[in-house]
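Presented below is the structure to which this report refers.
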Amino acid sequence: MTYPTQPTASHFIDGQYVEDTAGTPIPVIYSATGKQIATVHAATPAIVEQAISAARRAQDGWAALSGTERGRILRRAADMLRDRNHDLSVLETYDTGKPYQETSVADATSGADALEYFGGMAATLTGEHIPLGGGDWAYTRREALGVCVGIGAWNYPTQIACWKAAPALACGNAMIFKPSETTPLCALKVAEILHEAGLPAGLYNVVQGMGEVGAALVGDPRVDKVSLTGSVPTGRKVYAAAAQGMKHVTMELGGKSPLLVFDDADLDAAVSGAILGNFYSSGQVCSNGTRVFVQKGILEPFLARLSERLAQAVIGDPLDPETSFGPMVSEAQMKIVQGYIAKGLDEGARLVTGGRQIARDGFYLEPTVFADVTDDMTIAREEIFGPVMAVLSFDDEDEVMARANATEFGLAAGVFTRDLERAHRVVAGFEAGTCYINTYNDAPVEMPFGGSKLSGVGRENSKAAIEHYSQLKSVYVRMSPLEAPF
Ligand code: NDP
């Protein structure tokens, strides 16, 4: 191993690396080999205390800067992320196992987009003037929330760290970020870069640990906001804990999103959408369109084309730029997904392709497609978070809309059709926060991203994120003499 994967220390607090080896050791495993590449230590109560105090101390001064000054630092950090994209992408690959072919275009680059976008927006954040009767008027001040806690899932460690930090810092908040214990490395690099770009100490802190460290942060009365990217069960716990302190929350949770392919669709484009929406990042993407509803007339041609295309996947060493499909993030996640594949077979789904572990080191599963899936099967109802596509067939639009929406999740949904009216009618009817027409899974920073129903609360990215990292103060200004009844 020549690439340095062992971080300087486990945590980054108050502008510097901090260690406390009394914390539980967390081995970092490279999922392409199964070998340990680093060790970090979970935060002890003393580390959590240091992070919260540092954030609290630093936040007022940061909020008092002009938006232009805050934004300049974020934009400088964006440039540095882009300049170091290669090294950051290699680290992201070690952290997650995702192929370099993906990480070099989707992770640090997406983080840089968020820092650039919200850096540019920082100077434009203002309140408004509201004229009232009798010459009175009111104004609003858009103010920071205070200390925000970000808690990340393991699939996009750099992106999640930046998507939360960028709007939080632009609005004048401090942030404490807890990465997933499975992927602790990348957020530390984001912290290093933000500080090198000029971010004052204490405003972006990273603490490692499992759920209990997240829970300690969420429960602290000095924390004002929590933004979680994770599963629905964790979301329920974190939302409930945040409610005790009436804290602001953003919840980016799981999904079981529908992808509808009508018989007038461009077949190759629809197959591309289904591949992007099921096998990118080895299927470990929250917004994946894992219930692929294909209109009956084109079902078999769709499956045939899909199988041909999946045979072209280059499965192998994620650091080889030719590799287009890598391992699962961990052995535990691979076992969960294998359990779902077994359920699919038990419950009578037709295995079209894949289904097996790949005979090599690391945690590789074949891209897997099931057809003849029915709405009641486990693989059509539960989030699998792995490379398993469920293909269902349908006759007409009304029927498929009812079935597509018959889920407790509401993160994303997509439709492939050449009929413009149908496309817009269908997305209007989807019960989902993020929808796609003739594409799938794009997430540019300019577009709000988030879910409805059990998939979440709030939005990341876009102007909408500002609402979730700031609050309005209203000020009534009386211009005429004030009277009272007695
Ligand atoms: P988890 O819900 O298991 O964990 C998410 C994070 O929460 C981890 O950092 C975890 O720590 C932490 N955590 C766990 N329990 C608590 C608690 N009680 N209090 C505070 N923090 C806690 O999700 P995964 O990491 O397994 O990620 C997969 C899930 O994330 C999927 O459901 C996926 O759909 C969703 N996701 C959603 C996205 C979205 O934007 N909507 C994007 C990406 C993923 P640790 O794991 O270290 O113990």
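Ligands are numbered from 1 in the order shown, chains are lettered A, B, ... in the order of the structure tokens, and residues start at 1 in each chain.
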Sort by chain and increasing residue number a table of all residues of chain A within 7 Å of ligand 1, each with its closest pair of atoms and their distance in Å to one decimal, counting only C-alpha atoms and all ligand atoms, and write it as JSON lines.
{"residue": "A:Ile151", "atom": "CA", "partner": "ligand 1", "partner_atom_place_in_ligand_line": "9 (O)", "distance": 5.1}
{"residue": "A:Gly152", "atom": "CA", "partner": "ligand 1", "partner_atom_place_in_ligand_line": "9 (O)", "distance": 4.6}
{"residue": "A:Ala153", "atom": "CA", "partner": "ligand 1", "partner_atom_place_in_ligand_line": "25 (O)", "distance": 3.5}
{"residue": "A:Trp154", "atom": "CA", "partner": "ligand 1", "partner_atom_place_in_ligand_line": "25 (O)", "distance": 4.9}
{"residue": "A:Asn155", "atom": "CA", "partner": "ligand 1", "partner_atom_place_in_ligand_line": "43 (C)", "distance": 5.9}
{"residue": "A:Tyr156", "atom": "CA", "partner": "ligand 1", "partner_atom_place_in_ligand_line": "43 (C)", "distance": 6.8}
{"residue": "A:Lys178", "atom": "CA", "partner": "ligand 1", "partner_atom_place_in_ligand_line": "9 (O)", "distance": 6.1}
{"residue": "A:Pro179", "atom": "CA", "partner": "ligand 1", "partner_atom_place_in_ligand_line": "9 (O)", "distance": 5.1}
{"residue": "A:Ser180", "atom": "CA", "partner": "ligand 1", "partner_atom_place_in_ligand_line": "9 (O)", "distance": 3.5}
{"residue": "A:Glu181", "atom": "CA", "partner": "ligand 1", "partner_atom_place_in_ligand_line": "47 (O)", "distance": 3.5}
{"residue": "A:Thr182", "atom": "CA", "partner": "ligand 1", "partner_atom_place_in_ligand_line": "47 (O)", "distance": 6.2}
{"residue": "A:Gly209", "atom": "CA", "partner": "ligand 1", "partner_atom_place_in_ligand_line": "47 (O)", "distance": 5.7}
{"residue": "A:Met210", "atom": "CA", "partner": "ligand 1", "partner_atom_place_in_ligand_line": "48 (O)", "distance": 3.4}
{"residue": "A:Gly211", "atom": "CA", "partner": "ligand 1", "partner_atom_place_in_ligand_line": "16 (C)", "distance": 3.6}
{"residue": "A:Glu212", "atom": "CA", "partner": "ligand 1", "partner_atom_place_in_ligand_line": "17 (C)", "distance": 5.9}
{"residue": "A:Val213", "atom": "CA", "partner": "ligand 1", "partner_atom_place_in_ligand_line": "20 (C)", "distance": 6.8}
{"residue": "A:Gly214", "atom": "CA", "partner": "ligand 1", "partner_atom_place_in_ligand_line": "20 (C)", "distance": 3.6}
{"residue": "A:Ala215", "atom": "CA", "partner": "ligand 1", "partner_atom_place_in_ligand_line": "19 (N)", "distance": 3.7}
{"residue": "A:Val218", "atom": "CA", "partner": "ligand 1", "partner_atom_place_in_ligand_line": "20 (C)", "distance": 6.6}
{"residue": "A:Leu228", "atom": "CA", "partner": "ligand 1", "partner_atom_place_in_ligand_line": "7 (O)", "distance": 6.6}
{"residue": "A:Thr229", "atom": "CA", "partner": "ligand 1", "partner_atom_place_in_ligand_line": "37 (C)", "distance": 4.9}
{"residue": "A:Gly230", "atom": "CA", "partner": "ligand 1", "partner_atom_place_in_ligand_line": "30 (O)", "distance": 3.2}
{"residue": "A:Ser231", "atom": "CA", "partner": "ligand 1", "partner_atom_place_in_ligand_line": "32 (O)", "distance": 3.3}
{"residue": "A:Val232", "atom": "CA", "partner": "ligand 1", "partner_atom_place_in_ligand_line": "32 (O)", "distance": 6.1}
{"residue": "A:Pro233", "atom": "CA", "partner": "ligand 1", "partner_atom_place_in_ligand_line": "2 (O)", "distance": 6.5}
{"residue": "A:Thr234", "atom": "CA", "partner": "ligand 1", "partner_atom_place_in_ligand_line": "2 (O)", "distance": 4.4}
{"residue": "A:Gly235", "atom": "CA", "partner": "ligand 1", "partner_atom_place_in_ligand_line": "2 (O)", "distance": 6.6}
{"residue": "A:Lys237", "atom": "CA", "partner": "ligand 1", "partner_atom_place_in_ligand_line": "18 (N)", "distance": 5.5}
{"residue": "A:Val238", "atom": "CA", "partner": "ligand 1", "partner_atom_place_in_ligand_line": "19 (N)", "distance": 5.1}
{"residue": "A:Glu252", "atom": "CA", "partner": "ligand 1", "partner_atom_place_in_ligand_line": "41 (N)", "distance": 3.5}
{"residue": "A:Leu253", "atom": "CA", "partner": "ligand 1", "partner_atom_place_in_ligand_line": "41 (N)", "distance": 3.9}
{"residue": "A:Gly254", "atom": "CA", "partner": "ligand 1", "partner_atom_place_in_ligand_line": "34 (O)", "distance": 3.0}
{"residue": "A:Gly255", "atom": "CA", "partner": "ligand 1", "partner_atom_place_in_ligand_line": "34 (O)", "distance": 5.6}
{"residue": "A:Val285", "atom": "CA", "partner": "ligand 1", "partner_atom_place_in_ligand_line": "43 (C)", "distance": 5.7}
{"residue": "A:Cys286", "atom": "CA", "partner": "ligand 1", "partner_atom_place_in_ligand_line": "34 (O)", "distance": 3.6}
{"residue": "A:Ser287", "atom": "CA", "partner": "ligand 1", "partner_atom_place_in_ligand_line": "41 (N)", "distance": 6.6}
{"residue": "A:Glu383", "atom": "CA", "partner": "ligand 1", "partner_atom_place_in_ligand_line": "32 (O)", "distance": 6.9}
{"residue": "A:Phe385", "atom": "CA", "partner": "ligand 1", "partner_atom_place_in_ligand_line": "31 (C)", "distance": 6.5}
{"residue": "A:Leu411", "atom": "CA", "partner": "ligand 1", "partner_atom_place_in_ligand_line": "41 (N)", "distance": 6.7}
{"residue": "A:Gly450", "atom": "CA", "partner": "ligand 1", "partner_atom_place_in_ligand_line": "41 (N)", "distance": 6.1}
{"residue": "A:Gly451", "atom": "CA", "partner": "ligand 1", "partner_atom_place_in_ligand_line": "41 (N)", "distance": 6.7}
{"residue": "A:Ser455", "atom": "CA", "partner": "ligand 1", "partner_atom_place_in_ligand_line": "41 (N)", "distance": 6.6}
{"residue": "A:Gly456", "atom": "CA", "partner": "ligand 1", "partner_atom_place_in_ligand_line": "41 (N)", "distance": 7.0}
Taking only C-alpha atoms into account, produce a table as a tab-separated table in which each residue of range 186-249 of chain A with an atom at most 12 Å from an atom of range 47-51 of chain A appears once, together with its shortest atom pair and the distance in Å to one decimal, ordered by chain and rising number.
residue	atom	partner	partner_atom	distance
A:Ala201	CA	A:Ala51	CA	10.8
A:Gly202	CA	A:Ala51	CA	7.5
A:Leu203	CA	A:Ala51	CA	9.5
A:Tyr204	CA	A:Ala51	CA	9.1
A:Asn205	CA	A:Ala51	CA	6.4
A:Val206	CA	A:Ala51	CA	8.0
A:Val207	CA	A:Val48	CA	7.2
A:Gln208	CA	A:Val48	CA	9.4
A:Gly209	CA	A:Val48	CA	10.1
A:Glu212	CA	A:Val48	CA	11.0
A:Val213	CA	A:Val48	CA	7.6
A:Gly214	CA	A:Val48	CA	9.5
A:Ala215	CA	A:Val48	CA	10.7
A:Ala216	CA	A:Val48	CA	7.7
A:Leu217	CA	A:Val48	CA	7.1
A:Val218	CA	A:Val48	CA	10.9
A:Gly219	CA	A:Val48	CA	11.4
A:Asp220	CA	A:Glu49	CA	9.5
A:Pro221	CA	A:Glu49	CA	11.9
A:Arg222	CA	A:Glu49	CA	10.4
A:Val223	CA	A:Ala51	CA	11.0
How would you write, as a PyMOL selection string, the set of residues in range 115-344 of chain A that DSSP gives as strand (DSSP E or B)? chain A and resi 129-131+137-144+147-151+174-178+204-206+225-229+248-252+258-261+291-295+315+325
Please identify all polymer residues within 8 Å of Ser480 in chain A, counting only C-alpha atoms, omitting same-chain residues fewer than 6 positions from it, and present them as a list in words. Gly134, Gly135 and Asp136 of chain A
Write out as a list in words the residues lying within 10 Å of Leu310 in chain A, counting only C-alpha atoms and excluding same-chain residues fewer than 6 positions away. Val271, Ile275, Phe279, Thr353, Gly354, Glu366, Pro367, Thr368 and Val369 of chain A
Quick check for you: according to DSSP on this backbone, which residues of range 65-137 of chain A are classed as alpha helix (DSSP H)? Reply as a PyMOL selection string. chain A and resi 67-83+85-96+100-106+108-121
Mind dumping the selected residues with C-alpha atoms as a compact mmCIF listing (two decimals), in the first residue's frame?
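Output below, filename result02.txt:
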# COMPACT_ATOMS: atom_id res chain seq x y z
CA GLY A 67 -21.52 37.01 3.33
CA THR A 68 -18.90 38.00 0.78
CA GLU A 69 -16.11 37.14 3.21
CA ARG A 70 -17.65 33.78 4.13
CA GLY A 71 -18.34 32.96 0.51
CA ARG A 72 -14.78 33.75 -0.58
CA ILE A 73 -13.44 31.04 1.74
CA LEU A 74 -15.94 28.48 0.51
CA ARG A 75 -15.14 29.25 -3.13
CA ARG A 76 -11.42 28.96 -2.43
CA ALA A 77 -12.05 25.55 -0.85
CA ALA A 78 -14.03 24.54 -3.96
CA ASP A 79 -11.02 25.34 -6.15
CA MET A 80 -8.73 23.35 -3.87
CA LEU A 81 -11.02 20.34 -3.99
CA ARG A 82 -10.94 20.48 -7.80
CA ASP A 83 -7.15 20.91 -7.87
CA ASN A 85 -9.49 15.82 -7.32
CA HIS A 86 -7.22 12.91 -8.22
CA ASP A 87 -5.94 12.30 -4.68
CA LEU A 88 -9.35 12.89 -3.13
CA SER A 89 -10.92 10.46 -5.60
CA VAL A 90 -8.36 7.77 -4.80
CA LEU A 91 -9.09 8.25 -1.10
CA GLU A 92 -12.84 8.09 -1.76
CA THR A 93 -12.24 4.81 -3.58
CA TYR A 94 -10.29 3.42 -0.60
CA ASP A 95 -12.97 4.65 1.81
CA THR A 96 -15.95 3.22 -0.11
CA TYR A 100 -12.18 5.58 -9.54
CA GLN A 101 -14.08 5.96 -12.81
CA GLU A 102 -16.98 7.18 -10.62
CA THR A 103 -15.19 8.90 -7.78
CA SER A 104 -13.13 11.05 -10.14
CA VAL A 105 -16.30 12.63 -11.54
CA ALA A 106 -18.93 12.37 -8.81
CA ALA A 108 -14.95 15.72 -4.73
CA THR A 109 -16.32 17.41 -7.86
CA SER A 110 -19.85 17.37 -6.47
CA GLY A 111 -18.54 18.64 -3.13
CA ALA A 112 -16.72 21.44 -4.95
CA ASP A 113 -19.93 22.36 -6.79
CA ALA A 114 -21.75 22.71 -3.47
CA LEU A 115 -19.00 24.89 -1.96
CA GLU A 116 -18.89 27.07 -5.07
CA TYR A 117 -22.67 27.40 -5.32
CA PHE A 118 -23.29 28.25 -1.66
CA GLY A 119 -20.10 30.33 -1.53
CA GLY A 120 -21.53 32.44 -4.33
CA MET A 121 -24.88 32.63 -2.62
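Minimum atom-to-atom distances from A:Gly414, A:Gly277, A:Pro7, A:Gly133 to Thr39 in chain A were compared using only C-alpha atoms, and the lowest value belongs to A:Pro7.
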Near range 464-470 of chain A, within 7 Å and counting only C-alpha atoms, which residues show up once chain neighbours fewer than 5 positions away are dropped, as a PyMOL selection string? chain A and resi 142-145+167-168+171+448+458-459
Export of prior selection with all heavy atoms as a PDB file, in the first residue's frame:
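And here is the file that came out, out-v4.pdb:
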ATOM      1  N   ARG A 142     -32.252  37.478   8.053  1.00  0.00           N
ATOM      2  CA  ARG A 142     -32.008  36.047   7.888  1.00  0.00           C
ATOM      3  C   ARG A 142     -30.777  35.696   8.728  1.00  0.00           C
ATOM      4  O   ARG A 142     -29.681  36.172   8.456  1.00  0.00           O
ATOM      5  CB  ARG A 142     -31.782  35.699   6.414  1.00  0.00           C
ATOM      6  CG  ARG A 142     -31.594  34.230   6.186  1.00  0.00           C
ATOM      7  CD  ARG A 142     -31.709  33.839   4.738  1.00  0.00           C
ATOM      8  NE  ARG A 142     -33.065  33.934   4.232  1.00  0.00           N
ATOM      9  CZ  ARG A 142     -34.037  33.046   4.473  1.00  0.00           C
ATOM     10  NH1 ARG A 142     -33.798  31.981   5.233  1.00  0.00           N
ATOM     11  NH2 ARG A 142     -35.230  33.211   3.957  1.00  0.00           N
ATOM     12  N   GLU A 143     -30.979  34.936   9.769  1.00  0.00           N
ATOM     13  CA  GLU A 143     -29.893  34.675  10.719  1.00  0.00           C
ATOM     14  C   GLU A 143     -29.507  33.199  10.745  1.00  0.00           C
ATOM     15  O   GLU A 143     -30.326  32.321  10.429  1.00  0.00           O
ATOM     16  CB  GLU A 143     -30.339  35.103  12.127  1.00  0.00           C
ATOM     17  CG  GLU A 143     -30.632  36.602  12.206  1.00  0.00           C
ATOM     18  CD  GLU A 143     -30.958  37.071  13.609  1.00  0.00           C
ATOM     19  OE1 GLU A 143     -31.275  36.213  14.467  1.00  0.00           O
ATOM     20  OE2 GLU A 143     -30.908  38.302  13.841  1.00  0.00           O
ATOM     21  N   ALA A 144     -28.282  32.961  11.143  1.00  0.00           N
ATOM     22  CA  ALA A 144     -27.792  31.580  11.277  1.00  0.00           C
ATOM     23  C   ALA A 144     -28.560  30.863  12.383  1.00  0.00           C
ATOM     24  O   ALA A 144     -29.131  31.494  13.273  1.00  0.00           O
ATOM     25  CB  ALA A 144     -26.303  31.594  11.605  1.00  0.00           C
ATOM     26  N   LEU A 145     -28.562  29.527  12.326  1.00  0.00           N
ATOM     27  CA  LEU A 145     -29.201  28.748  13.387  1.00  0.00           C
ATOM     28  C   LEU A 145     -28.280  28.600  14.590  1.00  0.00           C
ATOM     29  O   LEU A 145     -28.729  28.554  15.723  1.00  0.00           O
ATOM     30  CB  LEU A 145     -29.567  27.347  12.858  1.00  0.00           C
ATOM     31  CG  LEU A 145     -30.562  27.320  11.686  1.00  0.00           C
ATOM     32  CD1 LEU A 145     -30.713  25.887  11.172  1.00  0.00           C
ATOM     33  CD2 LEU A 145     -31.915  27.863  12.127  1.00  0.00           C
ATOM     34  N   PRO A 167     -23.971  24.819   2.679  1.00  0.00           N
ATOM     35  CA  PRO A 167     -25.049  25.750   3.034  1.00  0.00           C
ATOM     36  C   PRO A 167     -24.983  26.181   4.498  1.00  0.00           C
ATOM     37  O   PRO A 167     -25.299  27.324   4.830  1.00  0.00           O
ATOM     38  CB  PRO A 167     -26.339  24.963   2.740  1.00  0.00           C
ATOM     39  CG  PRO A 167     -25.928  23.531   2.729  1.00  0.00           C
ATOM     40  CD  PRO A 167     -24.490  23.498   2.294  1.00  0.00           C
ATOM     41  N   ALA A 168     -24.538  25.252   5.372  1.00  0.00           N
ATOM     42  CA  ALA A 168     -24.457  25.602   6.801  1.00  0.00           C
ATOM     43  C   ALA A 168     -23.482  26.759   6.997  1.00  0.00           C
ATOM     44  O   ALA A 168     -23.800  27.757   7.660  1.00  0.00           O
ATOM     45  CB  ALA A 168     -24.010  24.385   7.613  1.00  0.00           C
ATOM     46  N   CYS A 171     -24.477  30.218   5.552  1.00  0.00           N
ATOM     47  CA  CYS A 171     -25.471  30.938   6.360  1.00  0.00           C
ATOM     48  C   CYS A 171     -24.903  31.444   7.685  1.00  0.00           C
ATOM     49  O   CYS A 171     -25.628  32.077   8.458  1.00  0.00           O
ATOM     50  CB  CYS A 171     -26.675  30.038   6.642  1.00  0.00           C
ATOM     51  SG  CYS A 171     -27.670  29.688   5.189  1.00  0.00           S
ATOM     52  N   PRO A 448     -33.152  21.261  -6.062  1.00  0.00           N
ATOM     53  CA  PRO A 448     -33.416  20.727  -4.716  1.00  0.00           C
ATOM     54  C   PRO A 448     -33.389  19.201  -4.734  1.00  0.00           C
ATOM     55  O   PRO A 448     -33.837  18.582  -5.695  1.00  0.00           O
ATOM     56  CB  PRO A 448     -34.828  21.226  -4.392  1.00  0.00           C
ATOM     57  CG  PRO A 448     -35.092  22.346  -5.342  1.00  0.00           C
ATOM     58  CD  PRO A 448     -34.267  22.081  -6.559  1.00  0.00           C
ATOM     59  N   GLY A 458     -37.216  18.155   4.529  1.00  0.00           N
ATOM     60  CA  GLY A 458     -36.259  19.193   4.137  1.00  0.00           C
ATOM     61  C   GLY A 458     -35.633  18.889   2.791  1.00  0.00           C
ATOM     62  O   GLY A 458     -35.895  17.839   2.192  1.00  0.00           O
ATOM     63  N   ARG A 459     -34.839  19.812   2.313  1.00  0.00           N
ATOM     64  CA  ARG A 459     -34.186  19.655   1.007  1.00  0.00           C
ATOM     65  C   ARG A 459     -32.720  20.035   1.130  1.00  0.00           C
ATOM     66  O   ARG A 459     -32.371  20.974   1.855  1.00  0.00           O
ATOM     67  CB  ARG A 459     -34.843  20.567  -0.042  1.00  0.00           C
ATOM     68  CG  ARG A 459     -36.261  20.147  -0.432  1.00  0.00           C
ATOM     69  CD  ARG A 459     -36.247  18.805  -1.167  1.00  0.00           C
ATOM     70  NE  ARG A 459     -37.589  18.317  -1.479  1.00  0.00           N
ATOM     71  CZ  ARG A 459     -38.313  17.493  -0.708  1.00  0.00           C
ATOM     72  NH1 ARG A 459     -37.822  17.078   0.452  1.00  0.00           N
ATOM     73  NH2 ARG A 459     -39.505  17.077  -1.087  1.00  0.00           N
TER      74      ARG A 459
END
Find the spatial neighbours of Ala432 in chain A, counting only C-alpha atoms, within a cut-off of 10 Å - ignore same-chain residues fewer than 2 positions away - and output them as a list in words. Gly255, Ser257, Pro258, Asn405, Phe409, Gly410, Leu411, Ala412, Ala413, Gly414, Val427, Ala428, Gly429, Phe430, Thr434, Cys435, Gly450, Gly451, Ser452, Lys453 and Ser455 of chain A
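With distances restricted to only C-alpha atoms, A:Thr374 is the closest residue to Val391 in chain A from A:Thr374, A:Gln471, A:Gln36, A:Thr126.
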List the spatial neighbours of Ser282 in chain A as a ChimeraX atom specification - criterion: any atom at most 12 Å away, only C-alpha atoms, same-chain residues fewer than 6 positions off excluded. /A:31,96-99,102,155,275-276,288,313-315,318,323-330,333-334,337,363-368,384-389
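Across the structure, CA of Lys247 in chain A and CA of Ala58 in chain A are spaced 19.8 Å apart.
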For CA of Phe449 in chain A and CA of Met251 in chain A, the interatomic separation in Å (one decimal): 11.0 Å
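Our summary of the geometry notes that CA of Ile193 in chain A is positioned 14.4 Å from CA of His11 in chain A.
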